[in-house]
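> Hey, dropping input_10.pdb in here, PDB, C-alpha atoms, pLDDT in the B column:
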```
ATOM      1  CA  MET A   1     -22.008 -12.810  22.826  1.00 88.00           C
ATOM      2  CA  ARG A   2     -19.959 -13.198  19.699  1.00 93.00           C
ATOM      3  CA  LYS A   3     -17.819 -16.280  19.452  1.00 97.00           C
ATOM      4  CA  ILE A   4     -14.349 -16.708  18.019  1.00 97.00           C
ATOM      5  CA  ILE A   5     -14.468 -19.248  15.203  1.00 96.00           C
ATOM      6  CA  ASN A   6     -10.811 -19.180  14.252  1.00 98.00           C
ATOM      7  CA  GLU A   7      -7.612 -17.523  15.375  1.00 98.00           C
ATOM      8  CA  MET A   8      -4.004 -17.337  14.327  1.00 98.00           C
ATOM      9  CA  LYS A   9      -0.757 -15.717  15.420  1.00 98.00           C
ATOM     10  CA  VAL A  10       2.150 -14.978  13.137  1.00 98.00           C
ATOM     11  CA  ARG A  11       5.629 -13.725  13.958  1.00 98.00           C
ATOM     12  CA  ILE A  12       7.501 -12.664  10.872  1.00 98.00           C
ATOM     13  CA  PRO A  13      10.732 -10.729  10.169  1.00 98.00           C
ATOM     14  CA  ALA A  14      10.174  -7.111   9.117  1.00 97.00           C
ATOM     15  CA  ARG A  15      11.421  -7.646   5.592  1.00 96.00           C
ATOM     16  CA  SER A  16       9.639  -6.053   2.652  1.00 95.00           C
ATOM     17  CA  THR A  17       9.110  -9.395   0.884  1.00 96.00           C
ATOM     18  CA  ASN A  18       6.829 -10.296   3.793  1.00 98.00           C
ATOM     19  CA  GLU A  19       4.321  -7.590   2.824  1.00 97.00           C
ATOM     20  CA  ALA A  20       3.043  -9.924   0.075  1.00 97.00           C
ATOM     21  CA  VAL A  21       3.304 -12.943   2.394  1.00 98.00           C
ATOM     22  CA  MET A  22       1.032 -11.306   4.981  1.00 98.00           C
ATOM     23  CA  ARG A  23      -1.518 -10.282   2.360  1.00 98.00           C
ATOM     24  CA  GLY A  24      -1.656 -13.908   1.309  1.00 97.00           C
ATOM     25  CA  VAL A  25      -1.990 -15.153   4.897  1.00 98.00           C
ATOM     26  CA  VAL A  26      -4.877 -12.781   5.656  1.00 97.00           C
ATOM     27  CA  SER A  27      -6.679 -13.731   2.416  1.00 97.00           C
ATOM     28  CA  ALA A  28      -6.410 -17.427   3.243  1.00 97.00           C
ATOM     29  CA  PHE A  29      -7.451 -16.883   6.851  1.00 97.00           C
ATOM     30  CA  CYS A  30     -10.734 -15.130   6.072  1.00 96.00           C
ATOM     31  CA  ALA A  31     -11.615 -17.273   3.018  1.00 96.00           C
ATOM     32  CA  GLU A  32     -14.093 -19.358   5.007  1.00 95.00           C
ATOM     33  CA  LEU A  33     -16.337 -16.303   5.419  1.00 95.00           C
ATOM     34  CA  ASN A  34     -16.488 -15.868   1.619  1.00 96.00           C
ATOM     35  CA  PRO A  35     -15.695 -12.158   1.519  1.00 97.00           C
ATOM     36  CA  THR A  36     -16.548 -10.230  -1.655  1.00 97.00           C
ATOM     37  CA  VAL A  37     -13.737  -9.249  -4.004  1.00 95.00           C
ATOM     38  CA  GLU A  38     -14.068  -5.689  -2.711  1.00 95.00           C
ATOM     39  CA  GLU A  39     -13.991  -6.666   0.970  1.00 97.00           C
ATOM     40  CA  LEU A  40     -10.960  -8.862   0.449  1.00 97.00           C
ATOM     41  CA  GLY A  41      -9.188  -6.180  -1.599  1.00 96.00           C
ATOM     42  CA  ASP A  42      -9.824  -3.610   1.147  1.00 97.00           C
ATOM     43  CA  LEU A  43      -8.522  -5.903   3.856  1.00 97.00           C
ATOM     44  CA  ARG A  44      -5.415  -6.860   1.873  1.00 97.00           C
ATOM     45  CA  CYS A  45      -4.679  -3.208   1.266  1.00 97.00           C
ATOM     46  CA  ALA A  46      -5.128  -2.237   4.935  1.00 98.00           C
ATOM     47  CA  VAL A  47      -2.844  -5.098   6.063  1.00 98.00           C
ATOM     48  CA  SER A  48      -0.244  -4.169   3.467  1.00 98.00           C
ATOM     49  CA  GLU A  49      -0.190  -0.593   4.806  1.00 97.00           C
ATOM     50  CA  ALA A  50       0.208  -1.665   8.421  1.00 97.00           C
ATOM     51  CA  VAL A  51       2.994  -4.161   7.695  1.00 98.00           C
ATOM     52  CA  THR A  52       4.785  -1.637   5.474  1.00 96.00           C
ATOM     53  CA  ASN A  53       4.567   0.976   8.252  1.00 95.00           C
ATOM     54  CA  SER A  54       6.261  -1.369  10.716  1.00 97.00           C
ATOM     55  CA  ILE A  55       9.030  -2.109   8.237  1.00 95.00           C
ATOM     56  CA  ILE A  56       9.824   1.369   6.996  1.00 93.00           C
ATOM     57  CA  HIS A  57       8.872   3.475  10.015  1.00 93.00           C
ATOM     58  CA  GLY A  58       8.856   1.224  13.081  1.00 94.00           C
ATOM     59  CA  TYR A  59      12.198  -0.395  12.421  1.00 95.00           C
ATOM     60  CA  ARG A  60      13.876   2.417  10.497  1.00 92.00           C
ATOM     61  CA  ASP A  61      16.527   3.009  13.191  1.00 89.00           C
ATOM     62  CA  LEU A  62      17.695  -0.595  13.453  1.00 91.00           C
ATOM     63  CA  PRO A  63      21.419  -0.994  12.873  1.00 90.00           C
ATOM     64  CA  GLU A  64      22.543  -2.620   9.655  1.00 88.00           C
ATOM     65  CA  GLY A  65      22.263  -6.404   9.821  1.00 89.00           C
ATOM     66  CA  LYS A  66      19.655  -6.398  12.618  1.00 93.00           C
ATOM     67  CA  ILE A  67      16.095  -7.332  11.835  1.00 93.00           C
ATOM     68  CA  GLY A  68      12.955  -6.603  13.823  1.00 97.00           C
ATOM     69  CA  TYR A  69       9.856  -8.754  14.023  1.00 98.00           C
ATOM     70  CA  ILE A  70       6.233  -8.056  13.267  1.00 98.00           C
ATOM     71  CA  TYR A  71       3.532  -9.842  15.294  1.00 98.00           C
ATOM     72  CA  ILE A  72       0.182 -10.406  13.674  1.00 98.00           C
ATOM     73  CA  SER A  73      -2.841 -11.718  15.499  1.00 98.00           C
ATOM     74  CA  LEU A  74      -5.905 -12.652  13.459  1.00 98.00           C
ATOM     75  CA  ARG A  75      -9.382 -13.535  14.671  1.00 98.00           C
ATOM     76  CA  LEU A  76     -12.602 -14.509  12.952  1.00 97.00           C
ATOM     77  CA  TYR A  77     -15.902 -14.155  14.815  1.00 97.00           C
ATOM     78  CA  ASP A  78     -19.265 -15.770  14.183  1.00 96.00           C
ATOM     79  CA  THR A  79     -20.605 -12.254  13.567  1.00 97.00           C
ATOM     80  CA  ARG A  80     -18.660 -12.157  10.264  1.00 97.00           C
ATOM     81  CA  GLU A  81     -16.125  -9.905  11.890  1.00 97.00           C
ATOM     82  CA  ILE A  82     -12.401 -10.103  11.277  1.00 98.00           C
ATOM     83  CA  SER A  83      -9.910  -8.515  13.617  1.00 98.00           C
ATOM     84  CA  VAL A  84      -6.305  -7.958  12.644  1.00 98.00           C
ATOM     85  CA  GLU A  85      -3.763  -6.762  15.181  1.00 98.00           C
ATOM     86  CA  ILE A  86      -0.331  -5.828  13.879  1.00 98.00           C
ATOM     87  CA  SER A  87       2.449  -4.939  16.343  1.00 98.00           C
ATOM     88  CA  ASP A  88       6.110  -4.122  16.271  1.00 97.00           C
ATOM     89  CA  ASN A  89       8.787  -3.337  18.836  1.00 97.00           C
ATOM     90  CA  GLY A  90      10.053  -0.435  16.799  1.00 95.00           C
ATOM     91  CA  CYS A  91      10.618   3.253  17.441  1.00 95.00           C
ATOM     92  CA  GLY A  92       6.961   4.046  18.079  1.00 94.00           C
ATOM     93  CA  ILE A  93       4.989   7.119  17.082  1.00 92.00           C
ATOM     94  CA  GLU A  94       5.350  10.327  19.042  1.00 89.00           C
ATOM     95  CA  ASP A  95       2.167  12.011  17.850  1.00 89.00           C
ATOM     96  CA  ILE A  96      -0.428   9.540  16.568  1.00 90.00           C
ATOM     97  CA  GLU A  97      -2.893  12.235  15.467  1.00 87.00           C
ATOM     98  CA  LYS A  98      -0.190  13.848  13.368  1.00 87.00           C
ATOM     99  CA  ALA A  99       0.884  10.499  11.912  1.00 86.00           C
ATOM    100  CA  LYS A 100      -2.732   9.818  10.919  1.00 83.00           C
ATOM    101  CA  ARG A 101      -3.046  13.092   9.054  1.00 81.00           C
ATOM    102  CA  PRO A 102      -3.271  12.424   5.307  1.00 74.00           C
ATOM    103  CA  MET A 103      -0.124  13.291   3.384  1.00 71.00           C
ATOM    104  CA  PHE A 104       1.982  13.540   6.545  1.00 67.00           C
ATOM    105  CA  THR A 105       5.017  11.288   6.376  1.00 71.00           C
ATOM    106  CA  THR A 106       8.365  10.929   8.078  1.00 69.00           C
ATOM    107  CA  GLY A 107       9.375   8.483   5.376  1.00 63.00           C
ATOM    108  CA  CYS A 108      11.850   9.596   2.809  1.00 60.00           C
ATOM    109  CA  GLY A 109      11.630   8.984  -0.904  1.00 61.00           C
ATOM    110  CA  GLU A 110       8.189   8.341  -2.262  1.00 74.00           C
ATOM    111  CA  ARG A 111       5.948   7.699   0.701  1.00 74.00           C
ATOM    112  CA  CYS A 112       2.705   9.567   0.216  1.00 78.00           C
ATOM    113  CA  GLY A 113       1.545   9.572   3.836  1.00 82.00           C
ATOM    114  CA  MET A 114      -1.671   7.662   3.225  1.00 90.00           C
ATOM    115  CA  GLY A 115      -1.128   4.555   5.340  1.00 93.00           C
ATOM    116  CA  PHE A 116      -3.466   5.320   8.251  1.00 94.00           C
ATOM    117  CA  LEU A 117      -6.017   6.936   5.929  1.00 94.00           C
ATOM    118  CA  VAL A 118      -6.210   3.698   3.921  1.00 95.00           C
ATOM    119  CA  MET A 119      -6.443   1.545   7.076  1.00 97.00           C
ATOM    120  CA  GLU A 120      -9.216   3.764   8.429  1.00 96.00           C
ATOM    121  CA  SER A 121     -11.162   3.984   5.149  1.00 96.00           C
ATOM    122  CA  PHE A 122     -10.887   0.334   4.154  1.00 97.00           C
ATOM    123  CA  THR A 123     -11.892  -1.196   7.502  1.00 98.00           C
ATOM    124  CA  ASP A 124     -14.704  -0.578  10.009  1.00 98.00           C
ATOM    125  CA  SER A 125     -12.509   0.531  12.873  1.00 97.00           C
ATOM    126  CA  LEU A 126      -8.903   1.400  13.524  1.00 97.00           C
ATOM    127  CA  THR A 127      -7.164   1.780  16.873  1.00 97.00           C
ATOM    128  CA  VAL A 128      -3.533   2.802  17.129  1.00 97.00           C
ATOM    129  CA  LYS A 129      -1.500   2.477  20.312  1.00 97.00           C
ATOM    130  CA  SER A 130       2.117   3.482  20.452  1.00 96.00           C
ATOM    131  CA  LYS A 131       4.928   4.290  22.847  1.00 96.00           C
ATOM    132  CA  PRO A 132       8.096   5.979  21.669  1.00 95.00           C
ATOM    133  CA  ASN A 133      11.009   3.512  21.684  1.00 94.00           C
ATOM    134  CA  ARG A 134       8.684   0.653  22.625  1.00 96.00           C
ATOM    135  CA  GLY A 135       6.631  -0.007  19.544  1.00 97.00           C
ATOM    136  CA  THR A 136       3.272   0.369  17.857  1.00 97.00           C
ATOM    137  CA  THR A 137       0.118  -1.738  17.764  1.00 98.00           C
ATOM    138  CA  VAL A 138      -2.544  -1.265  15.147  1.00 98.00           C
ATOM    139  CA  LEU A 139      -5.928  -2.960  15.603  1.00 98.00           C
ATOM    140  CA  MET A 140      -8.293  -3.122  12.680  1.00 98.00           C
ATOM    141  CA  ARG A 141     -11.763  -4.655  12.526  1.00 98.00           C
ATOM    142  CA  LYS A 142     -13.780  -5.370   9.460  1.00 98.00           C
ATOM    143  CA  ILE A 143     -17.341  -6.655   9.381  1.00 97.00           C
ATOM    144  CA  LEU A 144     -18.241  -8.554   6.236  1.00 97.00           C
ATOM    145  CA  LYS A 145     -21.654  -8.221   4.599  1.00 95.00           C
ATOM    146  CA  PRO A 146     -24.080 -11.054   5.434  1.00 92.00           C
TER     147      PRO A 146
ATOM    148  CA  MET B   1       7.531 -12.506 -15.130  1.00 56.00           C
ATOM    149  CA  GLU B   2       8.470  -8.962 -16.127  1.00 75.00           C
ATOM    150  CA  ASP B   3       6.486  -6.446 -14.094  1.00 92.00           C
ATOM    151  CA  LEU B   4       7.012  -3.555 -16.537  1.00 96.00           C
ATOM    152  CA  TYR B   5       6.627  -3.319 -20.288  1.00 96.00           C
ATOM    153  CA  PHE B   6       7.598  -0.183 -22.264  1.00 97.00           C
ATOM    154  CA  LYS B   7       6.229   0.950 -25.611  1.00 96.00           C
ATOM    155  CA  GLU B   8       7.229   4.081 -27.518  1.00 95.00           C
ATOM    156  CA  ASP B   9       5.144   5.747 -30.179  1.00 95.00           C
ATOM    157  CA  GLY B  10       6.178   9.228 -31.351  1.00 93.00           C
ATOM    158  CA  GLY B  11       6.195  11.514 -28.342  1.00 95.00           C
ATOM    159  CA  THR B  12       4.286   9.039 -26.208  1.00 97.00           C
ATOM    160  CA  LEU B  13       5.906   6.595 -23.834  1.00 97.00           C
ATOM    161  CA  THR B  14       3.627   3.911 -22.432  1.00 98.00           C
ATOM    162  CA  VAL B  15       4.566   1.798 -19.455  1.00 98.00           C
ATOM    163  CA  CYS B  16       2.340  -1.180 -18.665  1.00 98.00           C
ATOM    164  CA  LEU B  17       2.579  -2.337 -15.052  1.00 97.00           C
ATOM    165  CA  PHE B  18       1.882  -5.907 -13.987  1.00 97.00           C
ATOM    166  CA  GLY B  19       1.306  -7.823 -10.782  1.00 96.00           C
ATOM    167  CA  ASP B  20       1.190  -6.464  -7.238  1.00 96.00           C
ATOM    168  CA  ILE B  21       2.462  -2.971  -6.467  1.00 97.00           C
ATOM    169  CA  ASP B  22       3.594  -2.631  -2.864  1.00 96.00           C
ATOM    170  CA  HIS B  23       6.534  -0.973  -1.125  1.00 95.00           C
ATOM    171  CA  HIS B  24       8.745  -3.966  -1.931  1.00 95.00           C
ATOM    172  CA  VAL B  25       8.335  -3.830  -5.711  1.00 96.00           C
ATOM    173  CA  ALA B  26       7.701  -0.090  -6.155  1.00 95.00           C
ATOM    174  CA  LYS B  27      11.369   0.812  -5.746  1.00 92.00           C
ATOM    175  CA  GLY B  28      12.523  -1.323  -8.668  1.00 94.00           C
ATOM    176  CA  MET B  29       9.653  -0.073 -10.829  1.00 96.00           C
ATOM    177  CA  ARG B  30      10.486   3.528 -10.004  1.00 96.00           C
ATOM    178  CA  GLU B  31      14.126   3.154 -10.987  1.00 95.00           C
ATOM    179  CA  ARG B  32      13.373   1.533 -14.323  1.00 96.00           C
ATOM    180  CA  ILE B  33      10.584   3.975 -15.224  1.00 97.00           C
ATOM    181  CA  ASP B  34      12.741   7.001 -14.360  1.00 96.00           C
ATOM    182  CA  LEU B  35      15.668   5.680 -16.363  1.00 96.00           C
ATOM    183  CA  THR B  36      13.497   5.163 -19.453  1.00 96.00           C
ATOM    184  CA  LEU B  37      11.737   8.487 -18.914  1.00 95.00           C
ATOM    185  CA  ALA B  38      15.024  10.420 -18.690  1.00 94.00           C
ATOM    186  CA  CYS B  39      16.320   8.630 -21.755  1.00 95.00           C
ATOM    187  CA  LYS B  40      13.234   9.009 -24.022  1.00 95.00           C
ATOM    188  CA  LYS B  41      11.999  12.422 -22.789  1.00 95.00           C
ATOM    189  CA  PRO B  42       8.415  11.924 -24.066  1.00 97.00           C
ATOM    190  CA  GLU B  43       5.690  14.598 -24.269  1.00 96.00           C
ATOM    191  CA  LEU B  44       3.230  12.176 -22.708  1.00 96.00           C
ATOM    192  CA  LEU B  45       3.779   9.315 -20.285  1.00 97.00           C
ATOM    193  CA  ILE B  46       0.977   6.768 -20.082  1.00 97.00           C
ATOM    194  CA  MET B  47       1.005   4.472 -17.067  1.00 97.00           C
ATOM    195  CA  ASN B  48      -1.284   1.543 -17.819  1.00 97.00           C
ATOM    196  CA  PHE B  49      -2.533  -0.231 -14.681  1.00 96.00           C
ATOM    197  CA  SER B  50      -4.745  -2.845 -16.394  1.00 95.00           C
ATOM    198  CA  GLY B  51      -2.314  -5.641 -15.504  1.00 95.00           C
ATOM    199  CA  VAL B  52      -2.107  -4.639 -11.834  1.00 96.00           C
ATOM    200  CA  SER B  53      -3.672  -7.232  -9.523  1.00 94.00           C
ATOM    201  CA  PHE B  54      -3.116  -5.352  -6.258  1.00 96.00           C
ATOM    202  CA  MET B  55      -1.930  -1.927  -5.241  1.00 96.00           C
ATOM    203  CA  ASP B  56      -1.492  -0.150  -1.900  1.00 96.00           C
ATOM    204  CA  SER B  57      -0.442   3.437  -1.223  1.00 95.00           C
ATOM    205  CA  SER B  58       3.042   2.640  -2.550  1.00 95.00           C
ATOM    206  CA  GLY B  59       1.390   2.736  -5.987  1.00 95.00           C
ATOM    207  CA  ILE B  60       0.109   6.245  -5.246  1.00 94.00           C
ATOM    208  CA  GLY B  61       3.658   7.218  -4.237  1.00 93.00           C
ATOM    209  CA  LEU B  62       4.878   5.762  -7.519  1.00 95.00           C
ATOM    210  CA  ILE B  63       2.388   7.862  -9.509  1.00 94.00           C
ATOM    211  CA  LEU B  64       3.108  11.061  -7.543  1.00 92.00           C
ATOM    212  CA  GLY B  65       6.850  10.622  -7.990  1.00 93.00           C
ATOM    213  CA  ARG B  66       6.495  10.086 -11.744  1.00 95.00           C
ATOM    214  CA  SER B  67       4.188  13.094 -11.924  1.00 92.00           C
ATOM    215  CA  ARG B  68       6.949  15.243 -10.412  1.00 91.00           C
ATOM    216  CA  MET B  69       9.473  13.743 -12.796  1.00 93.00           C
ATOM    217  CA  CYS B  70       7.153  14.456 -15.765  1.00 94.00           C
ATOM    218  CA  GLU B  71       6.689  18.025 -14.602  1.00 92.00           C
ATOM    219  CA  GLN B  72      10.458  18.545 -14.634  1.00 92.00           C
ATOM    220  CA  LEU B  73      10.616  17.140 -18.158  1.00 93.00           C
ATOM    221  CA  GLY B  74       7.612  19.171 -19.329  1.00 94.00           C
ATOM    222  CA  ALA B  75       5.618  16.010 -19.968  1.00 95.00           C
ATOM    223  CA  ARG B  76       2.014  15.164 -19.169  1.00 94.00           C
ATOM    224  CA  LEU B  77       0.995  12.006 -17.325  1.00 95.00           C
ATOM    225  CA  ARG B  78      -2.002   9.851 -18.112  1.00 95.00           C
ATOM    226  CA  ILE B  79      -3.138   6.962 -15.909  1.00 95.00           C
ATOM    227  CA  THR B  80      -5.134   4.256 -17.716  1.00 95.00           C
ATOM    228  CA  GLY B  81      -6.520   0.787 -17.067  1.00 94.00           C
ATOM    229  CA  VAL B  82      -7.727   1.641 -13.569  1.00 93.00           C
ATOM    230  CA  SER B  83      -9.685  -1.199 -11.935  1.00 91.00           C
ATOM    231  CA  ASP B  84     -12.416  -0.696  -9.324  1.00 89.00           C
ATOM    232  CA  SER B  85     -10.113  -1.369  -6.376  1.00 85.00           C
ATOM    233  CA  THR B  86      -7.330   0.819  -7.714  1.00 89.00           C
ATOM    234  CA  ARG B  87      -9.860   3.558  -8.434  1.00 90.00           C
ATOM    235  CA  LYS B  88     -10.989   3.534  -4.811  1.00 91.00           C
ATOM    236  CA  LEU B  89      -7.429   4.154  -3.679  1.00 92.00           C
ATOM    237  CA  MET B  90      -6.855   6.854  -6.285  1.00 90.00           C
ATOM    238  CA  GLN B  91     -10.036   8.682  -5.262  1.00 90.00           C
ATOM    239  CA  LEU B  92      -8.953   8.529  -1.626  1.00 91.00           C
ATOM    240  CA  SER B  93      -5.583  10.064  -2.520  1.00 89.00           C
ATOM    241  CA  GLY B  94      -7.079  12.882  -4.579  1.00 87.00           C
ATOM    242  CA  ILE B  95      -4.531  12.148  -7.304  1.00 87.00           C
ATOM    243  CA  GLU B  96      -7.090  12.940 -10.016  1.00 84.00           C
ATOM    244  CA  LYS B  97      -7.036  16.585  -8.979  1.00 84.00           C
ATOM    245  CA  ILE B  98      -3.345  17.100  -9.751  1.00 81.00           C
ATOM    246  CA  LYS B  99      -3.097  19.277 -12.823  1.00 74.00           C
ATOM    247  CA  ASN B 100      -0.713  17.355 -15.059  1.00 78.00           C
ATOM    248  CA  ILE B 101      -2.339  13.983 -14.313  1.00 82.00           C
ATOM    249  CA  SER B 102      -5.393  12.596 -16.094  1.00 85.00           C
ATOM    250  CA  VAL B 103      -7.061   9.347 -15.087  1.00 85.00           C
ATOM    251  CA  SER B 104      -9.193   7.162 -17.343  1.00 81.00           C
ATOM    252  CA  GLN B 105     -10.588   3.651 -17.407  1.00 70.00           C
TER     253      GLN B 105
END
```
Would you mind giving the structure from this file in structure tokens?


Amino acid sequence: MRKIINEMKVRIPARSTNEAVMRGVVSAFCAELNPTVEELGDLRCAVSEAVTNSIIHGYRDLPEGKIGYIYISLRLYDTREISVEISDNGCGIEDIEKAKRPMFTTGCGERCGMGFLVMESFTDSLTVKSKPNRGTTVLMRKILKP
Amino acid sequence: MEDLYFKEDGGTLTVCLFGDIDHHVAKGMRERIDLTLACKKPELLIMNFSGVSFMDSSGIGLILGRSRMCEQLGARLRITGVSDSTRKLMQLSGIEKIKNISVSQ
């Protein structure tokens, strides 16, 4: 049985300045496992994508002046595994398979539709759960090299 | 610290990018690059990523958008100073296969 060696919960407003904040939090949290530069870079990138998705997609319909929250739950296991769960109470995703498709985006402007592709490629597993009008939860796991 | 630095040499406009590129900072970068691009109308735009410490897919969006802008202006786009982590993301996006973009170390 794997054991949890550390855990942390964060509740943070869905503001774009918090993308960098959450990358920093995740880096600090897994530092005790001494990840490689590549592993840490991958994890930071995956977290950045998930947080950005909540901000620009999840909470896109919020009225002006209202701010949603993002909930992040981090766990470190004695098996050198990190799990990162990122949730929002936003608009949800109607068709997850479609949303995961590379280059598909509902975002306007310059979104390239790579978010889920990056999360999937840069971690060891990705699970997405979503309910329209309720919110989305993304669970990512990464196992660090011994 | 400034996150963009522009250099002009003949028909070449170079923009050096610094720091983290995420969705939060990409918007400001985009506006300033496009303004300079429209003003200088170069034959070649070089985006130098050697000062970039972190980039997520917002950086890919930034490149794709500038590539479209360059195409409208009849300019070519060269991406330089690509680090290992940025390269991984660029390979995943397939950006190197776009015809008016060239990527080098």

> Pick out the closest residue to B:Pro42 from this set: B:Gly65, B:Gly59, B:Gly19, B:Gly10. Count all atoms listed in the file.

B:Gly10

> Quick one: which residues end up in the PyMOL selection byres ((chain B) within 7 of (chain A)) for this structure, as an mmCIF file with C-alpha atoms, in the coordinates of the input?


```
data_model
loop_
_atom_site.group_PDB
_atom_site.id
_atom_site.type_symbol
_atom_site.label_atom_id
_atom_site.label_comp_id
_atom_site.auth_asym_id
_atom_site.auth_seq_id
_atom_site.Cartn_x
_atom_site.Cartn_y
_atom_site.Cartn_z
ATOM 1 C CA HIS B 23 6.534 -0.973 -1.125
ATOM 2 C CA HIS B 24 8.745 -3.966 -1.931
ATOM 3 C CA ASP B 56 -1.492 -0.150 -1.900
ATOM 4 C CA SER B 57 -0.442 3.437 -1.223
ATOM 5 C CA SER B 58 3.042 2.640 -2.550
ATOM 6 C CA ILE B 60 0.109 6.245 -5.246
ATOM 7 C CA GLY B 61 3.658 7.218 -4.237
ATOM 8 C CA LEU B 62 4.878 5.762 -7.519
ATOM 9 C CA GLY B 65 6.850 10.622 -7.990
ATOM 10 C CA SER B 85 -10.113 -1.369 -6.376
#
```

> Would you mind telling me which residue in A:Met119, A:Leu139, A:Val25, A:Ala14 lies nearest to A:Ile86 when using all atoms listed in the file?

A:Leu139

> What would the selection look like, as a VMD selection string, if the PyMOL selection byres ((chain A and resi 30) around 12) were run on the coordinates I just shared?

chain A and resid 5 to 8 23 to 29 31 to 36 39 to 41 43 to 44 74 to 78 80 to 84 142 to 144

> Take atom CA of B:Ile21 and atom CA of B:Asp84 and report the distance between them in Å, one decimal.

15.3 Å

> Distance atom CA of A:Ser54-atom CA of B:Leu64, one decimal place?

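Going from atom CA of A:Ser54 over to atom CA of B:Leu64 covers 22.3 Å.
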
> Find the residues with any atom within 12 Å of (9.5, 6.3, -29.8); use only C-alpha atoms and the coordinates as given in the file, and write the answer as an MDAnalysis selection string.

chainID B and resid 6:14 36:37 39:45

> Determine the residue membership of the PyMOL selection byres ((chain A and resi 72) around 8) for the file above and supply it as a PyMOL selection string.

chain A and resi 9-11+70-71+73-74+84-87

> Take the residues just selected and output them with C-alpha atoms as a short mmCIF file (atom, residue, chain, number, x, y, z; two decimals), in the frame of the given file.


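Heads up, here's the output in out28.cif:
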```cif
data_model
loop_
_atom_site.label_atom_id
_atom_site.label_comp_id
_atom_site.auth_asym_id
_atom_site.auth_seq_id
_atom_site.Cartn_x
_atom_site.Cartn_y
_atom_site.Cartn_z
CA LYS A 9 -0.76 -15.72 15.42
CA VAL A 10 2.15 -14.98 13.14
CA ARG A 11 5.63 -13.72 13.96
CA ILE A 70 6.23 -8.06 13.27
CA TYR A 71 3.53 -9.84 15.29
CA SER A 73 -2.84 -11.72 15.50
CA LEU A 74 -5.90 -12.65 13.46
CA VAL A 84 -6.30 -7.96 12.64
CA GLU A 85 -3.76 -6.76 15.18
CA ILE A 86 -0.33 -5.83 13.88
CA SER A 87 2.45 -4.94 16.34
#
```

> Quick one: pull the distance between atom CA of A:Glu64 and atom CA of A:Asn89, Å, one decimal.

16.6 Å

> Tell me which protein, DNA and RNA residues are within 8 Å of A:Val128, counting only C-alpha atoms, leaving out same-chain ones fewer than 4 positions away, and put them as JSON, numbers by chain.

{"A": [96, 136, 137, 138, 139]}

> Select all residues near (6.3, 12.0, 19.0) (cut-off 12 Å, inclusive, file coordinates), counting only C-alpha atoms, and output them as a PyMOL selection string.

chain A and resi 91-99+106+130-133

> Residues at most 8 Å from B:Gln105, counting only C-alpha atoms, excluding those fewer than 2 positions away in the same chain, as a ChimeraX atom specification?

/B:80-83,103

> Please list as an mmCIF file with C-alpha atoms, keeping the file's coordinate frame every residue within 9 Å of B:Arg78, counting only C-alpha atoms and excluding residues in the same chain fewer than 6 positions away.


```
data_model
loop_
_atom_site.group_PDB
_atom_site.id
_atom_site.type_symbol
_atom_site.label_atom_id
_atom_site.label_comp_id
_atom_site.auth_asym_id
_atom_site.auth_seq_id
_atom_site.Cartn_x
_atom_site.Cartn_y
_atom_site.Cartn_z
ATOM 1 C CA LEU B 44 3.230 12.176 -22.708
ATOM 2 C CA LEU B 45 3.779 9.315 -20.285
ATOM 3 C CA ILE B 46 0.977 6.768 -20.082
ATOM 4 C CA MET B 47 1.005 4.472 -17.067
ATOM 5 C CA ASN B 48 -1.284 1.543 -17.819
ATOM 6 C CA ASN B 100 -0.713 17.355 -15.059
ATOM 7 C CA ILE B 101 -2.339 13.983 -14.313
ATOM 8 C CA SER B 102 -5.393 12.596 -16.094
ATOM 9 C CA VAL B 103 -7.061 9.347 -15.087
ATOM 10 C CA SER B 104 -9.193 7.162 -17.343
#
```

> Under the rule that all atoms listed in the file are counted, which of B:Cys16, B:Met55, B:Ile63, B:Ala75 is the nearest residue to B:Ile95?

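Closest to B:Ile95 of all the choices is B:Ile63.
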